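What follows is the content of input02.txt, which has compact mmCIF, N, CA and C atoms:
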# COMPACT_ATOMS: atom_id res chain seq x y z
N MET A 23 205.18 87.40 50.20
CA MET A 23 204.21 87.94 51.12
C MET A 23 203.10 86.92 51.39
N LEU A 24 202.69 86.23 50.32
CA LEU A 24 201.65 85.22 50.50
C LEU A 24 202.13 84.07 51.38
N THR A 25 203.39 83.71 51.25
CA THR A 25 203.95 82.65 52.09
C THR A 25 203.95 83.07 53.56
N PHE A 26 204.38 84.31 53.81
CA PHE A 26 204.37 84.81 55.18
C PHE A 26 202.94 84.83 55.73
N ALA A 27 202.00 85.33 54.94
CA ALA A 27 200.60 85.40 55.38
C ALA A 27 200.04 84.01 55.65
N ALA A 28 200.35 83.06 54.78
CA ALA A 28 199.88 81.69 54.98
C ALA A 28 200.48 81.08 56.24
N ASN A 29 201.73 81.36 56.51
CA ASN A 29 202.37 80.83 57.71
C ASN A 29 201.81 81.46 58.98
N ILE A 30 201.43 82.71 58.91
CA ILE A 30 200.79 83.35 60.06
C ILE A 30 199.44 82.68 60.33
N ARG A 31 198.67 82.42 59.28
CA ARG A 31 197.38 81.74 59.44
C ARG A 31 197.61 80.33 60.00
N ASP A 32 198.64 79.64 59.53
CA ASP A 32 198.95 78.31 60.06
C ASP A 32 199.32 78.38 61.54
N ALA A 33 200.02 79.43 61.93
CA ALA A 33 200.39 79.60 63.34
C ALA A 33 199.13 79.74 64.20
N GLU A 34 198.16 80.49 63.69
CA GLU A 34 196.90 80.63 64.43
C GLU A 34 196.21 79.28 64.58
N TYR A 35 196.17 78.53 63.50
CA TYR A 35 195.54 77.20 63.54
C TYR A 35 196.24 76.31 64.57
N GLU A 36 197.57 76.31 64.56
CA GLU A 36 198.32 75.47 65.49
C GLU A 36 198.11 75.90 66.94
N MET A 37 198.08 77.21 67.18
CA MET A 37 197.86 77.69 68.54
C MET A 37 196.49 77.29 69.05
N ARG A 38 195.49 77.39 68.19
CA ARG A 38 194.13 76.98 68.61
C ARG A 38 194.07 75.47 68.83
N LYS A 39 194.75 74.72 67.97
CA LYS A 39 194.78 73.25 68.11
C LYS A 39 195.44 72.84 69.41
N LEU A 40 196.46 73.59 69.83
CA LEU A 40 197.18 73.28 71.06
C LEU A 40 196.47 73.80 72.31
N GLY A 41 195.36 74.52 72.12
CA GLY A 41 194.55 74.95 73.25
C GLY A 41 194.94 76.27 73.89
N TYR A 42 195.64 77.11 73.17
CA TYR A 42 195.97 78.42 73.71
C TYR A 42 194.70 79.23 73.95
N GLU A 43 194.72 80.10 74.95
CA GLU A 43 193.60 80.98 75.24
C GLU A 43 193.31 81.88 74.05
N ASP A 44 192.04 82.20 73.85
CA ASP A 44 191.65 83.04 72.72
C ASP A 44 192.36 84.39 72.76
N GLY A 45 192.49 84.98 73.94
CA GLY A 45 193.16 86.28 74.06
C GLY A 45 194.62 86.20 73.65
N ALA A 46 195.29 85.12 74.00
CA ALA A 46 196.70 84.95 73.62
C ALA A 46 196.83 84.78 72.11
N VAL A 47 195.92 84.01 71.53
CA VAL A 47 195.95 83.81 70.08
C VAL A 47 195.73 85.14 69.36
N ARG A 48 194.75 85.90 69.83
CA ARG A 48 194.46 87.19 69.20
C ARG A 48 195.64 88.15 69.34
N ALA A 49 196.30 88.13 70.49
CA ALA A 49 197.45 89.01 70.71
C ALA A 49 198.60 88.66 69.76
N VAL A 50 198.89 87.39 69.64
CA VAL A 50 199.97 86.96 68.74
C VAL A 50 199.61 87.25 67.30
N MET A 51 198.36 87.03 66.92
CA MET A 51 197.93 87.31 65.54
C MET A 51 198.00 88.81 65.23
N THR A 52 197.66 89.64 66.21
CA THR A 52 197.77 91.09 66.02
C THR A 52 199.22 91.48 65.81
N TYR A 53 200.10 90.94 66.61
CA TYR A 53 201.53 91.24 66.51
C TYR A 53 202.08 90.77 65.16
N LEU A 54 201.76 89.55 64.77
CA LEU A 54 202.26 89.03 63.49
C LEU A 54 201.65 89.76 62.30
N GLY A 55 200.38 90.13 62.41
CA GLY A 55 199.74 90.89 61.34
C GLY A 55 200.37 92.26 61.16
N ALA A 56 200.66 92.94 62.27
CA ALA A 56 201.33 94.24 62.20
C ALA A 56 202.73 94.11 61.63
N THR A 57 203.40 93.03 61.97
CA THR A 57 204.74 92.79 61.43
C THR A 57 204.69 92.57 59.93
N LEU A 58 203.74 91.78 59.47
CA LEU A 58 203.60 91.54 58.03
C LEU A 58 203.22 92.84 57.30
N ASP A 59 202.37 93.65 57.91
CA ASP A 59 201.99 94.92 57.32
C ASP A 59 203.21 95.82 57.14
N ARG A 60 204.05 95.89 58.15
CA ARG A 60 205.27 96.69 58.06
C ARG A 60 206.19 96.14 56.99
N LEU A 61 206.30 94.84 56.91
CA LEU A 61 207.15 94.22 55.90
C LEU A 61 206.67 94.58 54.50
N ALA A 62 205.36 94.56 54.29
CA ALA A 62 204.81 94.92 52.98
C ALA A 62 205.07 96.39 52.66
N ASP A 63 204.96 97.25 53.67
CA ASP A 63 205.15 98.68 53.46
C ASP A 63 206.59 99.03 53.10
N PHE A 64 207.56 98.35 53.68
CA PHE A 64 208.96 98.68 53.46
C PHE A 64 209.65 97.80 52.42
N ASN A 65 208.93 96.91 51.78
CA ASN A 65 209.56 95.99 50.82
C ASN A 65 208.78 95.90 49.53
N SER A 66 208.49 97.03 48.94
CA SER A 66 207.83 97.03 47.64
C SER A 66 208.73 97.73 46.63
N SER A 67 208.38 97.62 45.38
CA SER A 67 209.18 98.28 44.36
C SER A 67 208.91 99.78 44.30
N PHE A 68 208.10 100.30 45.22
CA PHE A 68 207.87 101.74 45.33
C PHE A 68 208.75 102.39 46.39
N CYS A 69 209.57 101.59 47.07
CA CYS A 69 210.44 102.13 48.11
C CYS A 69 211.71 102.70 47.50
N ILE A 70 212.17 103.80 48.08
CA ILE A 70 213.41 104.41 47.61
C ILE A 70 214.40 104.47 48.76
N HIS A 71 215.66 104.67 48.41
CA HIS A 71 216.69 104.86 49.41
C HIS A 71 216.53 106.25 50.00
N ASN A 72 216.38 106.33 51.29
CA ASN A 72 216.18 107.60 51.97
C ASN A 72 217.54 108.10 52.46
N TYR A 73 218.25 108.79 51.60
CA TYR A 73 219.59 109.24 51.94
C TYR A 73 219.61 110.48 52.82
N LEU A 74 218.46 111.12 53.02
CA LEU A 74 218.42 112.33 53.84
C LEU A 74 218.33 112.05 55.33
N ARG A 75 217.75 110.93 55.71
CA ARG A 75 217.53 110.65 57.13
C ARG A 75 218.33 109.44 57.57
N SER A 76 219.57 109.61 57.75
CA SER A 76 220.49 108.60 58.29
C SER A 76 220.50 107.30 57.48
N SER A 77 220.28 107.40 56.21
CA SER A 77 220.36 106.27 55.30
C SER A 77 219.44 105.13 55.71
N GLY A 78 218.49 104.89 54.92
CA GLY A 78 217.54 103.82 55.16
C GLY A 78 216.58 103.74 54.00
N ILE A 79 215.52 103.01 54.18
CA ILE A 79 214.53 102.85 53.12
C ILE A 79 213.29 103.62 53.49
N ALA A 80 212.81 104.43 52.55
CA ALA A 80 211.56 105.16 52.75
C ALA A 80 210.42 104.21 52.41
N HIS A 81 209.39 104.22 53.22
CA HIS A 81 208.31 103.25 53.03
C HIS A 81 207.39 103.62 51.87
N THR A 82 206.59 102.66 51.45
CA THR A 82 205.74 102.79 50.27
C THR A 82 204.71 103.89 50.40
N PHE A 83 204.04 103.97 51.53
CA PHE A 83 202.90 104.86 51.67
C PHE A 83 203.26 106.16 52.38
N GLY A 84 204.30 106.82 51.94
CA GLY A 84 204.74 108.07 52.53
C GLY A 84 203.95 109.27 52.03
N ARG A 85 203.14 109.09 51.00
CA ARG A 85 202.32 110.17 50.47
C ARG A 85 201.06 109.58 49.87
N HIS A 86 200.18 110.41 49.36
CA HIS A 86 198.87 109.95 48.90
C HIS A 86 198.89 109.30 47.53
N ALA A 87 200.00 109.29 46.85
CA ALA A 87 200.07 108.72 45.50
C ALA A 87 201.19 107.70 45.43
N LEU A 88 201.09 106.80 44.50
CA LEU A 88 202.14 105.82 44.26
C LEU A 88 202.82 106.19 42.94
N GLY A 89 203.95 106.86 43.05
CA GLY A 89 204.67 107.26 41.85
C GLY A 89 205.59 106.15 41.37
N MET A 90 205.94 106.21 40.11
CA MET A 90 206.87 105.23 39.56
C MET A 90 208.25 105.48 40.14
N VAL A 91 208.93 104.44 40.50
CA VAL A 91 210.27 104.53 41.06
C VAL A 91 211.18 103.68 40.18
N TRP A 92 212.14 104.31 39.56
CA TRP A 92 213.00 103.59 38.63
C TRP A 92 214.18 102.93 39.34
N ASP A 93 214.53 103.40 40.49
CA ASP A 93 215.68 102.85 41.21
C ASP A 93 215.30 102.48 42.64
N PHE A 94 214.34 101.56 42.76
CA PHE A 94 213.84 101.23 44.09
C PHE A 94 214.90 100.53 44.93
N ALA A 95 214.76 100.68 46.24
CA ALA A 95 215.69 100.07 47.18
C ALA A 95 215.15 98.73 47.63
N GLU A 96 216.04 97.79 47.80
CA GLU A 96 215.65 96.47 48.30
C GLU A 96 216.17 96.31 49.72
N ALA A 97 215.32 95.81 50.58
CA ALA A 97 215.68 95.65 51.99
C ALA A 97 215.87 94.19 52.33
N ASN A 98 216.57 93.96 53.40
CA ASN A 98 216.71 92.62 53.95
C ASN A 98 215.64 92.47 55.03
N PRO A 99 214.59 91.69 54.78
CA PRO A 99 213.50 91.59 55.76
C PRO A 99 213.90 90.90 57.05
N PHE A 100 215.05 90.26 57.08
CA PHE A 100 215.45 89.51 58.27
C PHE A 100 216.39 90.30 59.17
N THR A 101 216.28 91.64 59.12
CA THR A 101 217.05 92.50 60.00
C THR A 101 216.09 93.40 60.77
N GLU A 102 216.58 94.02 61.81
CA GLU A 102 215.77 94.97 62.56
C GLU A 102 215.89 96.38 61.99
N GLY A 103 216.77 96.58 61.04
CA GLY A 103 216.99 97.90 60.47
C GLY A 103 215.87 98.31 59.53
N SER A 104 216.13 99.36 58.80
CA SER A 104 215.17 99.90 57.85
C SER A 104 214.76 98.84 56.85
N GLY A 105 213.46 98.59 56.75
CA GLY A 105 212.95 97.60 55.82
C GLY A 105 212.85 96.20 56.39
N GLY A 106 213.32 96.02 57.61
CA GLY A 106 213.25 94.70 58.22
C GLY A 106 211.91 94.47 58.91
N TRP A 107 211.85 93.41 59.65
CA TRP A 107 210.61 93.05 60.34
C TRP A 107 210.12 94.15 61.26
N GLY A 108 211.04 94.86 61.89
CA GLY A 108 210.63 95.95 62.77
C GLY A 108 209.91 95.49 64.01
N THR A 109 210.26 94.33 64.51
CA THR A 109 209.52 93.78 65.65
C THR A 109 209.63 94.64 66.90
N GLU A 110 210.77 95.26 67.11
CA GLU A 110 210.92 96.11 68.29
C GLU A 110 210.01 97.33 68.20
N ALA A 111 209.95 97.96 67.03
CA ALA A 111 209.08 99.13 66.84
C ALA A 111 207.61 98.75 67.01
N ILE A 112 207.23 97.60 66.50
CA ILE A 112 205.84 97.14 66.62
C ILE A 112 205.52 96.82 68.07
N TYR A 113 206.44 96.16 68.75
CA TYR A 113 206.23 95.86 70.17
C TYR A 113 206.05 97.15 70.97
N ASP A 114 206.91 98.13 70.71
CA ASP A 114 206.80 99.40 71.42
C ASP A 114 205.46 100.07 71.16
N ALA A 115 205.03 100.07 69.90
CA ALA A 115 203.76 100.71 69.55
C ALA A 115 202.58 99.99 70.19
N LEU A 116 202.57 98.67 70.15
CA LEU A 116 201.45 97.91 70.71
C LEU A 116 201.44 97.95 72.23
N SER A 117 202.61 97.91 72.84
CA SER A 117 202.65 97.88 74.31
C SER A 117 202.40 99.25 74.92
N SER A 118 202.61 100.32 74.15
CA SER A 118 202.35 101.65 74.69
C SER A 118 200.91 102.10 74.46
N SER A 119 200.15 101.31 73.74
CA SER A 119 198.77 101.69 73.44
C SER A 119 197.90 101.52 74.68
N ASP A 120 197.16 102.57 75.00
CA ASP A 120 196.24 102.51 76.13
C ASP A 120 194.83 102.10 75.71
N ALA A 121 194.63 101.97 74.41
CA ALA A 121 193.28 101.68 73.90
C ALA A 121 192.88 100.25 74.22
N GLN A 122 191.68 100.10 74.69
CA GLN A 122 191.11 98.79 74.93
C GLN A 122 189.96 98.60 73.95
N VAL A 123 190.03 97.59 73.14
CA VAL A 123 188.97 97.32 72.18
C VAL A 123 188.04 96.29 72.80
N ASP A 124 186.80 96.68 73.02
CA ASP A 124 185.87 95.78 73.69
C ASP A 124 184.79 95.25 72.75
N ARG A 125 184.92 95.51 71.45
CA ARG A 125 183.94 94.97 70.52
C ARG A 125 184.60 94.78 69.16
N GLN A 126 183.96 93.96 68.36
CA GLN A 126 184.46 93.68 67.01
C GLN A 126 184.13 94.86 66.09
N ALA A 127 184.95 95.04 65.09
CA ALA A 127 184.67 96.06 64.09
C ALA A 127 183.69 95.50 63.07
N GLU A 128 182.87 96.37 62.54
CA GLU A 128 181.98 96.00 61.44
C GLU A 128 182.45 96.71 60.19
N VAL A 129 182.60 95.99 59.12
CA VAL A 129 183.05 96.57 57.87
C VAL A 129 181.93 96.41 56.85
N HIS A 130 181.58 97.53 56.23
CA HIS A 130 180.55 97.54 55.20
C HIS A 130 181.17 98.04 53.91
N ARG A 131 180.93 97.35 52.84
CA ARG A 131 181.44 97.77 51.55
C ARG A 131 180.32 98.47 50.79
N GLY A 132 180.61 99.60 50.21
CA GLY A 132 179.59 100.32 49.47
C GLY A 132 180.09 101.68 49.05
N THR A 133 179.19 102.58 48.82
CA THR A 133 179.55 103.92 48.41
C THR A 133 179.43 104.88 49.59
N ALA A 134 180.37 105.79 49.71
CA ALA A 134 180.36 106.74 50.81
C ALA A 134 179.28 107.79 50.63
N THR A 135 178.75 107.91 49.44
CA THR A 135 177.71 108.91 49.19
C THR A 135 176.33 108.44 49.61
N LYS A 136 176.17 107.13 49.80
CA LYS A 136 174.88 106.58 50.22
C LYS A 136 175.11 105.52 51.30
N LEU A 137 175.38 105.98 52.49
CA LEU A 137 175.62 105.04 53.59
C LEU A 137 174.31 104.43 54.05
N ARG A 138 174.35 103.15 54.32
CA ARG A 138 173.16 102.45 54.81
C ARG A 138 173.21 102.35 56.34
N LEU A 139 173.59 103.43 56.98
CA LEU A 139 173.73 103.45 58.42
C LEU A 139 172.98 104.64 58.98
N GLU A 140 172.58 104.51 60.23
CA GLU A 140 171.90 105.63 60.89
C GLU A 140 172.91 106.75 61.17
N ASP A 141 172.44 107.97 61.18
CA ASP A 141 173.31 109.10 61.49
C ASP A 141 173.92 108.91 62.88
N ALA A 142 175.18 109.27 63.02
CA ALA A 142 175.92 109.22 64.29
C ALA A 142 175.98 107.82 64.88
N SER A 143 175.93 106.80 64.03
CA SER A 143 175.97 105.43 64.55
C SER A 143 177.33 104.77 64.35
N VAL A 144 178.29 105.46 63.76
CA VAL A 144 179.60 104.87 63.49
C VAL A 144 180.71 105.77 64.04
N ASP A 145 181.85 105.14 64.31
CA ASP A 145 183.02 105.88 64.78
C ASP A 145 183.81 106.48 63.63
N ALA A 146 183.82 105.80 62.48
CA ALA A 146 184.63 106.29 61.35
C ALA A 146 184.06 105.76 60.04
N VAL A 147 184.23 106.57 59.02
CA VAL A 147 183.94 106.15 57.65
C VAL A 147 185.25 106.31 56.88
N ILE A 148 185.76 105.22 56.38
CA ILE A 148 187.04 105.23 55.68
C ILE A 148 186.77 104.95 54.21
N THR A 149 187.25 105.84 53.37
CA THR A 149 186.97 105.70 51.94
C THR A 149 188.26 105.53 51.16
N ASP A 150 188.14 104.98 49.99
CA ASP A 150 189.24 104.86 49.05
C ASP A 150 188.87 105.75 47.87
N PRO A 151 189.37 106.97 47.85
CA PRO A 151 188.92 107.91 46.82
C PRO A 151 189.37 107.51 45.42
N PRO A 152 188.69 108.03 44.44
CA PRO A 152 189.09 107.73 43.06
C PRO A 152 190.30 108.54 42.61
N TYR A 153 191.04 109.12 43.54
CA TYR A 153 192.28 109.87 43.29
C TYR A 153 192.06 111.15 42.49
N TYR A 154 190.84 111.53 42.34
CA TYR A 154 190.52 112.78 41.65
C TYR A 154 191.26 112.83 40.32
N ASP A 155 192.06 113.86 40.09
CA ASP A 155 192.81 113.95 38.84
C ASP A 155 194.28 113.59 39.02
N ASN A 156 194.62 113.04 40.18
CA ASN A 156 196.03 112.72 40.44
C ASN A 156 196.51 111.48 39.70
N MET A 157 195.63 110.55 39.45
CA MET A 157 196.01 109.30 38.80
C MET A 157 195.29 109.19 37.46
N PRO A 158 196.01 108.88 36.41
CA PRO A 158 195.34 108.74 35.10
C PRO A 158 194.43 107.53 35.06

Structure translated into structure tokens:
Amino acid sequence: MLTFAANIRDAEYEMRKLGYEDGAVRAVMTYLGATLDRLADFNSSFCIHNYLRSSGIAHTFGRHALGMVWDFAEANPFTEGSGGWGTEAIYDALSSSDAQVDRQAEVHRGTATKLRLEDASVDAVITDPPYYDNMP
């Protein structure tokens, strides 16, 4: 995964060095980032063989917990099938999106119980809960 991520970063560097437009670089980086994200989701030791839905690999984050999997499924990342790059699915998802992002996101790290932001000044607050009593 680190090799893929490093190569994606190198691709951005090369595109900028060759003078590609910023919008084109951002579009390619978005596509490659989404592809790497999908690859990570379908190629972990938490994936199982999904024999109920036309045989394939069930992805890592199918539920709110990460349970131990004793017989995880291994995928071939160089295919378009289950567990592969999924470039066609990513292309379809990105090209069908009507959303236009006209500003950068701001990310703040801290506690959700004491936000350092004005009321109604954000679109979303995303938290990583302590899993309550689900995780030891």

Could you list as an NGL selection string every residue that has an atom within 8 Å of (180.2, 100.8, 59.8), using the file's coordinates and counting only N, CA and C atoms? :A and (127-131 or 138-139 or 143-148)

Neighbouring residues of Gly89 of chain A were defined as those with any atom within 8 Å, considering only N, CA and C atoms; residues of the same chain fewer than 6 positions away were excluded. Please report them as a short mmCIF file (atom, residue, chain, number, x, y, z; two decimals) with N, CA and C atoms, in the coordinates of the input.
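around19.cif, written as the output of this step:
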data_model
loop_
_atom_site.label_atom_id
_atom_site.label_comp_id
_atom_site.auth_asym_id
_atom_site.auth_seq_id
_atom_site.Cartn_x
_atom_site.Cartn_y
_atom_site.Cartn_z
N SER A 67 208.38 97.62 45.38
CA SER A 67 209.18 98.28 44.36
C SER A 67 208.91 99.78 44.30
N PHE A 68 208.10 100.30 45.22
CA PHE A 68 207.87 101.74 45.33
C PHE A 68 208.75 102.39 46.39
N THR A 82 206.59 102.66 51.45
CA THR A 82 205.74 102.79 50.27
C THR A 82 204.71 103.89 50.40
#

Atom C of Leu40 of chain A to atom CA of Ala27 of chain A, distance in Å rounded to a single decimal: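 We find that atom C of Leu40 of chain A and atom CA of Ala27 of chain A lie 20.9 Å from each other.
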
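The list of residues with at least one atom within 8 Å of segment 50-63 of chain A, based on only N, CA and C atoms and without residues fewer than 3 positions apart in the same chain, reads Met23, Phe26, Ala27, Ile30, Arg31, Ala33, Glu34, Asp44, Gly45, Ala46, Val47, Ser66, Phe68, Cys69, Ala80, His81, Thr82, Phe83, Pro99, Gly105, Gly106, Trp107, Gly108, Thr109, Ile112, Tyr113 and Leu116 of chain A.
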
I'd like the neighbourhood of Ile70 of chain A as a VMD selection string, where a residue qualifies if any of its atoms comes within 5 Å (using all atoms listed in the file), though same-chain residues fewer than 3 positions away should be ignored. chain A and resid 79 to 80 94 to 95

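If you measure from each of A:Phe100, A:Thr149, A:Ala28, A:Tyr35 to Asn65 of chain A using only C-alpha atoms, the closest one turns out to be A:Phe100.
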
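Atom N of Asn29 of chain A to atom N of Asn98 of chain A spans 19.7 Å [interatomic distance, one decimal].
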
Between atom N of Glu43 of chain A and atom N of Ser118 of chain A lies a distance of 21.7 Å
